[in-house]
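Asks: This is the content of input_29.pdb (PDB, C-alpha atoms and all ligand atoms):
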ATOM      1  CA  MET A   1       0.000   0.000   0.000
ATOM      2  CA  SER A   2       1.481   3.311  -0.992
ATOM      3  CA  ALA A   3       1.068   6.343   1.257
ATOM      4  CA  LEU A   4      -0.915   9.075  -0.465
ATOM      5  CA  ILE A   5      -0.460  11.415   2.478
ATOM      6  CA  GLU A   6       2.694  11.386   4.537
ATOM      7  CA  THR A   7       3.809  13.981   7.062
ATOM      8  CA  ALA A   8       6.921  14.183   9.197
ATOM      9  CA  GLY A   9       7.132  16.642  12.074
ATOM     10  CA  LEU A  10       4.440  18.733  10.400
ATOM     11  CA  CYS A  11       3.436  21.935  12.178
ATOM     12  CA  CYS A  12       0.156  23.594  11.204
ATOM     13  CA  GLY A  13      -1.488  26.845  12.162
ATOM     14  CA  TYR A  14      -2.350  30.378  11.233
ATOM     15  CA  GLY A  15       0.404  32.947  10.679
ATOM     16  CA  ARG A  16       2.493  32.974  13.815
ATOM     17  CA  SER A  17       0.074  30.848  15.748
ATOM     18  CA  THR A  18       1.140  27.194  15.663
ATOM     19  CA  ILE A  19      -1.794  24.920  16.499
ATOM     20  CA  VAL A  20      -0.543  21.429  15.564
ATOM     21  CA  ARG A  21       3.027  20.355  16.272
ATOM     22  CA  ASP A  22       5.297  17.533  15.154
ATOM     23  CA  LEU A  23       2.652  15.545  13.346
ATOM     24  CA  ASP A  24       3.775  12.249  11.812
ATOM     25  CA  LEU A  25       0.794  10.868   9.946
ATOM     26  CA  SER A  26       0.223   8.685   6.920
ATOM     27  CA  VAL A  27      -2.802   7.570   4.926
ATOM     28  CA  SER A  28      -2.487   4.897   2.255
ATOM     29  CA  GLU A  29      -4.547   3.900  -0.737
ATOM     30  CA  GLY A  30      -7.845   2.283   0.298
ATOM     31  CA  GLU A  31      -7.239   3.061   3.942
ATOM     32  CA  ILE A  32      -9.555   4.910   6.322
ATOM     33  CA  VAL A  33      -7.738   6.803   9.018
ATOM     34  CA  SER A  34      -9.504   8.650  11.845
ATOM     35  CA  LEU A  35      -8.183  11.839  13.328
ATOM     36  CA  LEU A  36      -9.821  12.126  16.734
ATOM     37  CA  GLY A  37      -9.727  14.816  19.372
ATOM     38  CA  ALA A  38     -11.630  17.333  21.455
ATOM     39  CA  ASN A  39     -12.932  20.690  20.234
ATOM     40  CA  GLY A  40     -10.016  22.895  19.333
ATOM     41  CA  ALA A  41      -7.447  20.072  19.243
ATOM     42  CA  GLY A  42      -6.366  21.078  15.736
ATOM     43  CA  LYS A  43      -8.160  18.531  13.540
ATOM     44  CA  THR A  44      -9.643  20.992  11.035
ATOM     45  CA  THR A  45      -6.387  22.942  10.975
ATOM     46  CA  THR A  46      -4.608  19.724   9.982
ATOM     47  CA  LEU A  47      -7.114  19.020   7.183
ATOM     48  CA  LEU A  48      -6.860  22.579   5.864
ATOM     49  CA  THR A  49      -3.086  22.255   5.744
ATOM     50  CA  LEU A  50      -3.201  18.896   3.934
ATOM     51  CA  ALA A  51      -5.706  20.341   1.451
ATOM     52  CA  GLY A  52      -3.227  23.088   0.611
ATOM     53  CA  VAL A  53      -5.362  25.870   2.099
ATOM     54  CA  LEU A  54      -2.941  26.725   4.920
ATOM     55  CA  LYS A  55       0.824  27.006   4.587
ATOM     56  CA  PRO A  56       2.697  24.343   6.581
ATOM     57  CA  LEU A  57       4.546  26.101   9.409
ATOM     58  CA  GLY A  58       7.249  23.461   9.827
ATOM     59  CA  GLY A  59       8.226  19.872   9.117
ATOM     60  CA  SER A  60       7.233  18.266   5.846
ATOM     61  CA  ALA A  61       4.164  16.875   4.139
ATOM     62  CA  SER A  62       3.750  14.994   0.917
ATOM     63  CA  VAL A  63       0.302  14.753  -0.657
ATOM     64  CA  LEU A  64      -0.201  12.552  -3.705
ATOM     65  CA  GLY A  65       3.511  12.452  -4.377
ATOM     66  CA  ALA A  66       4.264  16.159  -4.211
ATOM     67  CA  PRO A  67       5.537  18.207  -1.268
ATOM     68  CA  LEU A  68       3.303  20.824   0.326
ATOM     69  CA  ARG A  69       5.163  24.072   0.737
ATOM     70  CA  LYS A  70       2.748  26.934   0.232
ATOM     71  CA  PRO A  71      -0.999  27.451  -0.029
ATOM     72  CA  GLU A  72      -2.111  25.963  -3.354
ATOM     73  CA  PRO A  73      -5.474  24.244  -2.844
ATOM     74  CA  HIS A  74      -6.202  24.155  -6.610
ATOM     75  CA  ARG A  75      -3.014  22.166  -7.280
ATOM     76  CA  VAL A  76      -3.721  19.738  -4.465
ATOM     77  CA  ALA A  77      -7.290  19.326  -5.739
ATOM     78  CA  ASN A  78      -6.042  18.739  -9.278
ATOM     79  CA  ARG A  79      -3.745  16.012  -8.016
ATOM     80  CA  GLY A  80      -6.825  14.235  -6.652
ATOM     81  CA  LEU A  81      -7.555  15.390  -3.106
ATOM     82  CA  THR A  82     -11.048  16.515  -2.097
ATOM     83  CA  LEU A  83     -11.981  18.155   1.177
ATOM     84  CA  VAL A  84     -15.562  17.782   2.397
ATOM     85  CA  PRO A  85     -15.683  20.592   4.960
ATOM     86  CA  GLU A  86     -17.565  20.808   8.219
ATOM     87  CA  GLY A  87     -20.945  22.254   7.213
ATOM     88  CA  ARG A  88     -20.872  20.096   4.059
ATOM     89  CA  GLY A  89     -19.899  22.681   1.436
ATOM     90  CA  ILE A  90     -23.122  22.510  -0.522
ATOM     91  CA  PHE A  91     -25.351  25.304  -1.872
ATOM     92  CA  TYR A  92     -28.645  25.224  -0.019
ATOM     93  CA  GLN A  93     -30.584  27.383  -2.505
ATOM     94  CA  LEU A  94     -29.681  25.095  -5.422
ATOM     95  CA  THR A  95     -31.244  21.758  -6.245
ATOM     96  CA  VAL A  96     -29.420  18.465  -5.851
ATOM     97  CA  THR A  97     -28.895  18.318  -9.626
ATOM     98  CA  GLN A  98     -27.506  21.861  -9.706
ATOM     99  CA  ASN A  99     -25.169  21.093  -6.814
ATOM    100  CA  LEU A 100     -23.888  18.025  -8.656
ATOM    101  CA  ARG A 101     -23.436  19.988 -11.914
ATOM    102  CA  LEU A 102     -21.244  22.455 -10.054
ATOM    103  CA  ARG A 103     -18.996  19.647  -8.897
ATOM    104  CA  GLU A 104     -18.608  17.946 -12.287
ATOM    105  CA  ARG A 105     -15.053  18.192 -13.525
ATOM    106  CA  ARG A 106     -13.988  17.898 -17.120
ATOM    107  CA  ALA A 107     -10.852  15.992 -16.172
ATOM    108  CA  SER A 108     -12.788  13.415 -14.168
ATOM    109  CA  THR A 109     -13.847  10.139 -15.701
ATOM    110  CA  VAL A 110     -16.653   9.713 -13.164
ATOM    111  CA  THR A 111     -20.128  10.651 -14.385
ATOM    112  CA  THR A 112     -23.076  11.868 -12.334
ATOM    113  CA  ASP A 113     -24.911   8.692 -13.291
ATOM    114  CA  GLU A 114     -22.151   6.528 -11.853
ATOM    115  CA  VAL A 115     -22.163   8.538  -8.629
ATOM    116  CA  LEU A 116     -25.944   8.161  -8.392
ATOM    117  CA  ASP A 117     -25.521   4.417  -8.862
ATOM    118  CA  THR A 118     -23.190   4.438  -5.850
ATOM    119  CA  LEU A 119     -25.530   6.701  -3.860
ATOM    120  CA  PRO A 120     -29.038   5.744  -5.070
ATOM    121  CA  ALA A 121     -30.712   7.578  -2.162
ATOM    122  CA  LEU A 122     -30.125  10.808  -4.077
ATOM    123  CA  ARG A 123     -32.025   9.804  -7.231
ATOM    124  CA  PRO A 124     -35.517  10.660  -5.979
ATOM    125  CA  LEU A 125     -34.233  13.949  -4.569
ATOM    126  CA  LEU A 126     -32.623  15.422  -7.679
ATOM    127  CA  ALA A 127     -35.141  18.255  -8.109
ATOM    128  CA  ARG A 128     -35.218  19.216  -4.430
ATOM    129  CA  LYS A 129     -33.351  22.218  -3.047
ATOM    130  CA  ALA A 130     -30.389  21.089  -0.974
ATOM    131  CA  GLY A 131     -31.581  23.234   1.936
ATOM    132  CA  LEU A 132     -34.730  21.113   2.159
ATOM    133  CA  LEU A 133     -32.868  17.799   2.441
ATOM    134  CA  SER A 134     -32.402  16.085   5.792
ATOM    135  CA  GLY A 135     -28.971  16.358   7.411
ATOM    136  CA  GLY A 136     -28.072  12.823   6.327
ATOM    137  CA  GLU A 137     -29.203  13.479   2.751
ATOM    138  CA  GLN A 138     -27.150  16.683   2.666
ATOM    139  CA  GLN A 139     -24.118  14.732   3.786
ATOM    140  CA  ILE A 140     -24.705  12.143   1.055
ATOM    141  CA  LEU A 141     -24.921  15.024  -1.441
ATOM    142  CA  ALA A 142     -21.610  16.384  -0.147
ATOM    143  CA  ILE A 143     -20.007  12.952  -0.605
ATOM    144  CA  ALA A 144     -21.543  12.678  -4.083
ATOM    145  CA  GLY A 145     -19.984  16.021  -4.985
ATOM    146  CA  ALA A 146     -16.627  14.787  -3.755
ATOM    147  CA  LEU A 147     -16.889  11.529  -5.733
ATOM    148  CA  LEU A 148     -17.578  13.422  -8.966
ATOM    149  CA  GLY A 149     -13.978  14.584  -8.929
ATOM    150  CA  ASP A 150     -12.840  10.928  -8.851
ATOM    151  CA  PRO A 151     -10.576  11.707  -5.880
ATOM    152  CA  ARG A 152      -7.750   9.490  -4.729
ATOM    153  CA  VAL A 153      -7.927  11.083  -1.280
ATOM    154  CA  ILE A 154     -10.996  12.383   0.580
ATOM    155  CA  LEU A 155     -10.707  14.471   3.731
ATOM    156  CA  LEU A 156     -13.990  14.321   5.649
ATOM    157  CA  ASP A 157     -14.469  16.914   8.377
ATOM    158  CA  GLU A 158     -17.038  16.061  11.062
ATOM    159  CA  MET A 159     -19.329  14.118   8.811
ATOM    160  CA  SER A 160     -21.510  13.177  11.787
ATOM    161  CA  LEU A 161     -22.211  16.729  12.938
ATOM    162  CA  GLY A 162     -25.874  17.078  13.895
ATOM    163  CA  LEU A 163     -26.832  13.599  12.663
ATOM    164  CA  ALA A 164     -28.412  10.703  14.538
ATOM    165  CA  PRO A 165     -26.039   7.777  15.231
ATOM    166  CA  LYS A 166     -28.017   5.425  12.940
ATOM    167  CA  ILE A 167     -27.601   7.799   9.992
ATOM    168  CA  VAL A 168     -23.928   8.257  10.767
ATOM    169  CA  GLU A 169     -23.490   4.468  10.804
ATOM    170  CA  GLY A 170     -25.068   4.302   7.334
ATOM    171  CA  LEU A 171     -22.777   7.025   6.037
ATOM    172  CA  PHE A 172     -19.748   5.281   7.444
ATOM    173  CA  VAL A 173     -20.763   2.046   5.689
ATOM    174  CA  LEU A 174     -20.859   4.097   2.503
ATOM    175  CA  VAL A 175     -17.407   5.539   3.143
ATOM    176  CA  ARG A 176     -16.086   2.048   3.831
ATOM    177  CA  SER A 177     -17.407   0.763   0.491
ATOM    178  CA  ILE A 178     -15.961   3.765  -1.382
ATOM    179  CA  ALA A 179     -12.525   3.140   0.128
ATOM    180  CA  LYS A 180     -12.723  -0.583  -0.614
ATOM    181  CA  GLU A 181     -14.137  -0.443  -4.121
ATOM    182  CA  ARG A 182     -12.325   2.636  -5.423
ATOM    183  CA  GLY A 183      -9.121   2.391  -3.372
ATOM    184  CA  THR A 184      -9.772   5.937  -2.144
ATOM    185  CA  ALA A 185      -7.760   6.999   0.895
ATOM    186  CA  VAL A 186      -9.952   8.622   3.541
ATOM    187  CA  LEU A 187      -8.869  10.827   6.414
ATOM    188  CA  LEU A 188     -11.833  11.185   8.714
ATOM    189  CA  VAL A 189     -12.050  13.872  11.377
ATOM    190  CA  GLU A 190     -14.523  12.873  14.060
ATOM    191  CA  GLN A 191     -15.637  13.608  17.563
ATOM    192  CA  GLN A 192     -17.729  10.456  17.833
ATOM    193  CA  VAL A 193     -14.892   8.167  18.804
ATOM    194  CA  LYS A 194     -16.675   4.808  18.824
ATOM    195  CA  LEU A 195     -18.387   5.258  15.475
ATOM    196  CA  ALA A 196     -15.229   6.560  13.849
ATOM    197  CA  LEU A 197     -13.196   3.626  15.109
ATOM    198  CA  GLU A 198     -15.755   1.177  13.772
ATOM    199  CA  VAL A 199     -15.181   2.350  10.229
ATOM    200  CA  ALA A 200     -11.481   3.221  10.387
ATOM    201  CA  ASP A 201      -8.460   0.994   9.895
ATOM    202  CA  ARG A 202      -6.224   3.175  12.043
ATOM    203  CA  GLY A 203      -6.467   6.313  14.091
ATOM    204  CA  TYR A 204      -4.621   9.181  15.714
ATOM    205  CA  VAL A 205      -5.746  11.120  18.783
ATOM    206  CA  LEU A 206      -4.848  14.796  18.844
ATOM    207  CA  THR A 207      -4.718  16.565  22.180
ATOM    208  CA  ARG A 208      -3.982  20.272  22.072
ATOM    209  CA  GLY A 209      -2.225  19.947  18.771
ATOM    210  CA  ARG A 210      -0.116  16.902  19.536
ATOM    211  CA  VAL A 211      -0.670  13.243  18.808
ATOM    212  CA  THR A 212      -1.162  11.585  22.174
ATOM    213  CA  ALA A 213      -2.242   8.138  20.979
ATOM    214  CA  GLN A 214      -2.218   6.224  17.742
ATOM    215  CA  GLY A 215      -2.700   2.679  16.560
ATOM    216  CA  SER A 216      -5.005   0.305  14.779
ATOM    217  CA  ALA A 217      -8.718   1.011  15.153
ATOM    218  CA  ALA A 218      -9.127  -2.235  17.088
ATOM    219  CA  GLU A 219      -6.478  -1.206  19.571
ATOM    220  CA  LEU A 220      -7.863   2.303  19.960
ATOM    221  CA  ARG A 221     -11.406   0.901  20.254
ATOM    222  CA  GLU A 222     -10.437  -0.966  23.383
ATOM    223  CA  ASN A 223      -9.588   2.406  24.866
ATOM    224  CA  ALA A 224     -12.409   4.437  23.349
ATOM    225  CA  ARG A 225     -13.882   5.253  26.729
ATOM    226  CA  HIS A 226     -10.568   6.621  27.959
ATOM    227  CA  ILE A 227     -10.049   8.561  24.776
ATOM    228  CA  GLU A 228     -13.540  10.042  25.018
ATOM    229  CA  SER A 229     -13.070  10.956  28.649
ATOM    230  CA  SER A 230      -9.832  12.690  27.721
ATOM    231  CA  TYR A 231     -12.032  15.066  25.684
ATOM    232  CA  LEU A 232     -13.442  16.369  28.953
ATOM    233  CA  GLY A 233     -11.557  18.115  31.694
ATOM    234  CA  ASP A 234      -7.789  18.220  31.520
ATOM    235  CA  THR A 235      -6.744  16.990  28.091
ATOM    236  CA  THR A 236      -3.010  17.331  28.389
ATOM    237  CA  ASP A 237      -2.618  13.603  27.935
ATOM    238  CA  VAL A 238      -4.436  10.380  27.358
ATOM    239  CA  ASP A 239      -3.869   8.329  30.457
ATOM    240  CA  VAL A 240      -2.380   5.301  28.813
ATOM    241  CA  ALA A 241      -1.044   3.947  32.090
ATOM    242  CA  GLY A 242      -4.640   3.641  33.245
ATOM    243  CA  MET A 243      -5.626   1.793  30.100
ATOM    244  CA  GLY A 244      -3.651  -1.323  30.864
ATOM    245  CA  VAL A 245      -2.184  -1.245  27.374
ATOM    246  CA  ALA A 246       1.430  -1.949  26.629
ATOM    247  CA  ALA A 247       2.953   1.206  25.196
ATOM    248  CA  ILE A 248       5.195  -0.109  22.475
ATOM    249  CA  GLY A 249       6.775   3.092  21.342
ATOM    250  CA  THR A 250       6.889   6.715  22.327
ATOM    251  CA  VAL A 251       6.941   9.402  19.693
ATOM    252  CA  HIS A 252       6.589  12.482  21.855
ATOM    253  CA  GLU A 253       6.235  12.563  25.563
ATOM    254  CA  GLY A 254       2.672  11.470  26.216
ATOM    255  CA  THR A 255       2.277   9.787  22.839
ATOM    256  CA  ARG A 256       1.604   6.108  22.720
ATOM    257  CA  ARG A 257       1.648   3.735  19.819
ATOM    258  CA  TYR A 258      -0.635   0.749  19.890
ATOM    259  CA  THR A 259       0.842  -0.765  16.780
TER     260      THR A 259
HETATM  261  P1  LIG B   1     -13.562  21.244  16.420
HETATM  262  O1  LIG B   1     -13.772  19.801  16.744
HETATM  263  O2  LIG B   1     -14.195  22.150  17.440
HETATM  264  O3  LIG B   1     -13.918  21.618  15.022
HETATM  265  P2  LIG B   1     -10.725  21.166  15.788
HETATM  266  O4  LIG B   1      -9.943  20.089  16.460
HETATM  267  O5  LIG B   1     -11.105  20.949  14.377
HETATM  268  O6  LIG B   1     -11.995  21.526  16.657
HETATM  269  P3  LIG B   1      -9.480  23.561  14.860
HETATM  270  O7  LIG B   1     -10.683  24.091  14.165
HETATM  271  O8  LIG B   1      -8.375  23.016  14.054
HETATM  272  O9  LIG B   1      -9.890  22.496  15.959
HETATM  273  O10 LIG B   1      -8.951  24.749  15.781
HETATM  274  C1  LIG B   1      -7.753  24.580  16.552
HETATM  275  C2  LIG B   1      -7.429  25.909  17.205
HETATM  276  O11 LIG B   1      -7.115  26.851  16.165
HETATM  277  C3  LIG B   1      -8.567  26.528  18.001
HETATM  278  O12 LIG B   1      -8.043  27.034  19.207
HETATM  279  C4  LIG B   1      -9.073  27.646  17.129
HETATM  280  O13 LIG B   1      -9.589  28.720  17.885
HETATM  281  C5  LIG B   1      -7.810  28.063  16.398
HETATM  282  N1  LIG B   1      -8.101  28.683  15.094
HETATM  283  C6  LIG B   1      -8.981  28.255  14.163
HETATM  284  N2  LIG B   1      -8.999  29.076  13.094
HETATM  285  C7  LIG B   1      -8.103  30.050  13.369
HETATM  286  C8  LIG B   1      -7.639  31.211  12.666
HETATM  287  N3  LIG B   1      -8.121  31.505  11.459
HETATM  288  N4  LIG B   1      -6.702  31.961  13.254
HETATM  289  C9  LIG B   1      -6.196  31.661  14.476
HETATM  290  N5  LIG B   1      -6.591  30.572  15.203
HETATM  291  C10 LIG B   1      -7.519  29.798  14.655
END
Spell out the structure here as structure tokens.
Ligand code: ATP
Replies:
Amino acid sequence: MSALIETAGLCCGYGRSTIVRDLDLSVSEGEIVSLLGANGAGKTTTLLTLAGVLKPLGGSASVLGAPLRKPEPHRVANRGLTLVPEGRGIFYQLTVTQNLRLRERRASTVTTDEVLDTLPALRPLLARKAGLLSGGEQQILAIAGALLGDPRVILLDEMSLGLAPKIVEGLFVLVRSIAKERGTAVLLVEQQVKLALEVADRGYVLTRGRVTAQGSAAELRENARHIESSYLGDTTDVDVAGMGVAAIGTVHEGTRRYT
């Protein structure tokens, strides 16, 4: 499996304000990787940097075989990365069809029909304004828009926001099948730890801008309760000692590998 995203000591932030430090992260073809963490941990900042929106403030990052050095979201998108932002990035006043038209790309070999075959729930809704869709339907529309670009990498920011767990489960099943069938690499930012770790292959936990735990989804799942509780109160570290898990390697102080 080749890594489509690879960072080493990456620092991300805004101007002089560094939010994420020393991030070593990789996402390979067909792999779903979860980036977990409390509000303000730096998850969206990381996605914006990988999408070429924010300039990396230190370290290195390679996305689809090319280094990221300066803001150039159009180049990153042309190489095959799509960001589905928090809030879904759809136009609420336009119909489903119009939203899809806007996302069609000449260079892409994927047609709207093919995307609708993958996401048949959208077919009966084509004439409806996106603002009148349910939250889950809007999220499916956002994913459909992303698929139209035939991406090799999808960054999904808080897909579950405002949705019932059952709907989120359905969406995650969809993401799983897209990764499996198309070999798309998915980096999934989530606050719902358990759901995210059910769909992911691997995960990283960000605490105040640093990775404090990482490993296979199965290994992180065993500690989901501890990870979730680290979202509340003092989040300087994930208490791995209390988890009864052998810490195999240490990347930074307070960082544990479960792989
Ligand atoms: P959430 O789960 O709440 O979306 P997050 O982990 O995605 O949180 P980020 O949105 O990456 O967190 O924000 C990380 C930190 O960066 C926060 O303290 C936030 O206030 C700060 N931040 C976000 N945007 C900017 C900006 N444009 N300039 C300066 N700081 C910012």
Asks: Which residue, A:Ala41, A:Ala61, A:Leu83, A:Ile5, has the smallest gap to Ile154 (chain A) when you use all atoms listed in the file?
Replies: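 Counting all atoms listed in the file, the residue closest to Ile154 (chain A) is A:Leu83.
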Asks: Kindly extract all protein, DNA and RNA residues lying within 9 Å of the coordinates (-14.4, 16.0, -6.2) given in the file, considering only C-alpha atoms, and supply them as a ChimeraX atom specification.
Replies: /A:77,80-84,103-105,108,143-151,154
Asks: Please determine, counting all atoms listed in the file, which residue among A:Gln98, A:Gln191, A:Ser134, A:Ser2 has the shortest atom-to-atom distance to ligand LIG 1 (chain B).
Replies: A:Gln191
Asks: Find the distance between CA of Arg152 (chain A) and CA of Arg106 (chain A) and write it in Å to one decimal.
Replies: 16.2 Å
Asks: Using the chain letters and residue numbers of this document, give as an MDAnalysis selection string the residues selected by the PyMOL selection byres (((chain A and resi 186) around 8) and not hetatm).
Replies: chainID A and resid 27 30:33 153:156 179 184:185 187:188
Asks: Residues within 12 Å of Ser34 (chain A), please, as a PyMOL selection string. Count only C-alpha atoms; anything in the same chain fewer than 5 positions from it doesn't count.
Replies: chain A and resi 25-27+43+47+154-159+172+185-206+213-217+220-221
Asks: Within 6 Å of ligand LIG 1 (chain B), which residues show up when you count all atoms listed in the file? List them as a PDB file with C-alpha atoms, in the frame of the given file, please.
Replies:
ATOM      1  CA  TYR A  14      -2.350  30.378  11.233  1.00  0.00           C
ATOM      2  CA  ILE A  19      -1.794  24.920  16.499  1.00  0.00           C
ATOM      3  CA  ALA A  38     -11.630  17.333  21.455  1.00  0.00           C
ATOM      4  CA  ASN A  39     -12.932  20.690  20.234  1.00  0.00           C
ATOM      5  CA  GLY A  40     -10.016  22.895  19.333  1.00  0.00           C
ATOM      6  CA  ALA A  41      -7.447  20.072  19.243  1.00  0.00           C
ATOM      7  CA  GLY A  42      -6.366  21.078  15.736  1.00  0.00           C
ATOM      8  CA  LYS A  43      -8.160  18.531  13.540  1.00  0.00           C
ATOM      9  CA  THR A  44      -9.643  20.992  11.035  1.00  0.00           C
ATOM     10  CA  THR A  45      -6.387  22.942  10.975  1.00  0.00           C
TER      11      THR A  45
END
